[in-house]
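Reading through the structure tokens given below for one structure.
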Amino acid sequence: CIMAGILTIVPFLYIVAGSFATEKELVERAFFIIPHTFSLNAYKYIIADGSIFSGGNAIEAAMSLEAAGADAVGINCSVGPDQLVSVIRNIKENVSIPVIAKPNAGMPQIDDLGNAVYSMTPADFAGYMKVLVDNGASVIGGCCGTTPEFISETAQVLGLR
């Protein structure tokens with residue numbers, strides 16, 4: 001199975017253009033990404049209200065990607081799961097394909113050493129991930145600031161462990 005997730009691409013039209021790449025082209029370019037599974041990168045690009053930094057909004061983008069043949073759409077990176085509930089719910093209400101949610105472990109703060117420190121504990125993250133699932137996310141994970149403990153706690157809260 002070849003999967004193409006187009007991540008960390010700011011201009012929405014680049015994502016749509018990528019959706020037309022053939023499986024052969026993806027393999028030739030050694031992409032370990034799955035065709036027609038698109039997750040819109042959100043950190044500093046999709047705001048918690050669903051607007052995209054470069055224009056438009058995540059709901060319209062998800063609808064356009066579904067029309068272009070995406071098998072799944074969603075948001076990765078971004079803010080914490082607590083700030084994505086309405087965005088995930090609105091995407092789910094407007095598409096018929098699976099919705100992906102892979103948020104950060106909250107909003108990062110930069111410490112005195114220049115390191116990003118994320119605001120959520122694994123338990124906080126897991127609780128909000130359940131809320132995202134309840135609001136339409138069917139593919140979930142974690143991005144910046146998450147660790148195996150975050151995923152383990154999420155699996156436990158969702159009754160998967």
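Ligands are numbered from 1 in the order shown, residues from 1 within each chain, and chains are lettered A, B, ... in the order they appear in the structure tokens.
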Q. Hey, what's within 7 Å of segment 120-122 of chain A if we count only C-alpha atoms and toss same-chain stuff fewer than 5 positions away? As JSON, numbers by chain, please?
A. {"A": [105, 106, 149, 150, 153]}
Q: Quick one: pick out all alpha helix (DSSP H) residues within segment 118-158 of chain A from a backbone DSSP run and write them as JSON, numbers by chain.
A: {"A": [122, 123, 124, 125, 126, 127, 128, 129, 130, 131, 132, 133, 134, 148, 149, 150, 151, 152, 153, 154, 155, 156, 157]}
(Q) as number ranges by chain, please: the residues near Pro103 of chain A (cut-off 12 Å, only C-alpha atoms, same-chain neighbours under 6 positions excluded). (A) A: 39-43, 46, 48, 74-85, 87-88, 118, 120, 125-126, 128-129, 132, 137, 139-146, 150-151
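Across A:Thr154, A:Thr147, A:Asn135, A:Ser64, the tightest approach to Ile100 of chain A is made by A:Asn135 when counting only C-alpha atoms.
The shortest atom-to-atom distance to Val99 of chain A, with only C-alpha atoms taken into account, belongs to A:Ala72 out of A:Val133, A:Met63, A:Ala72, A:Ala155.
For the pair atom CA of Ala101 of chain A and atom CA of Lys130 of chain A, the separation is 10.9 Å.
As for atom CA of Leu160 of chain A and atom CA of Asn104 of chain A, they are spaced 20.8 Å apart.
Distances from A:Val73, A:Lys102, A:Val131, A:Ser119 to Glu60 of chain A were compared using only C-alpha atoms, and the smallest one belongs to A:Val73.
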Q | Residues of segment 74-116 of chain A in strand (DSSP E or B), written as a VMD selection string | A | chain A and resid 74 to 77 99 to 103 108 to 110 116
Would you output that residue set with C-alpha atoms, as an mmCIF file, in the first residue's frame?
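Result went into result13.cif, see below:
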```
data_model
loop_
_atom_site.group_PDB
_atom_site.id
_atom_site.type_symbol
_atom_site.label_atom_id
_atom_site.label_comp_id
_atom_site.auth_asym_id
_atom_site.auth_seq_id
_atom_site.Cartn_x
_atom_site.Cartn_y
_atom_site.Cartn_z
ATOM 1 C CA GLY A 74 -7.617 16.552 8.203
ATOM 2 C CA ILE A 75 -5.213 18.611 10.246
ATOM 3 C CA ASN A 76 -1.806 17.763 11.607
ATOM 4 C CA CYS A 77 0.594 19.732 13.759
ATOM 5 C CA VAL A 99 -11.125 12.982 9.046
ATOM 6 C CA ILE A 100 -7.568 13.036 10.437
ATOM 7 C CA ALA A 101 -6.583 14.832 13.643
ATOM 8 C CA LYS A 102 -2.902 14.894 14.651
ATOM 9 C CA PRO A 103 -2.474 17.960 16.873
ATOM 10 C CA PRO A 108 4.372 25.624 22.614
ATOM 11 C CA GLN A 109 6.095 28.145 24.817
ATOM 12 C CA ILE A 110 9.788 28.873 24.282
ATOM 13 C CA ALA A 116 9.695 24.498 22.731
#
```
Q | Distance of atom CA of Gly69 of chain A from atom CA of Asp134 of chain A, expressed in Å to one decimal place | A | 25.2 Å
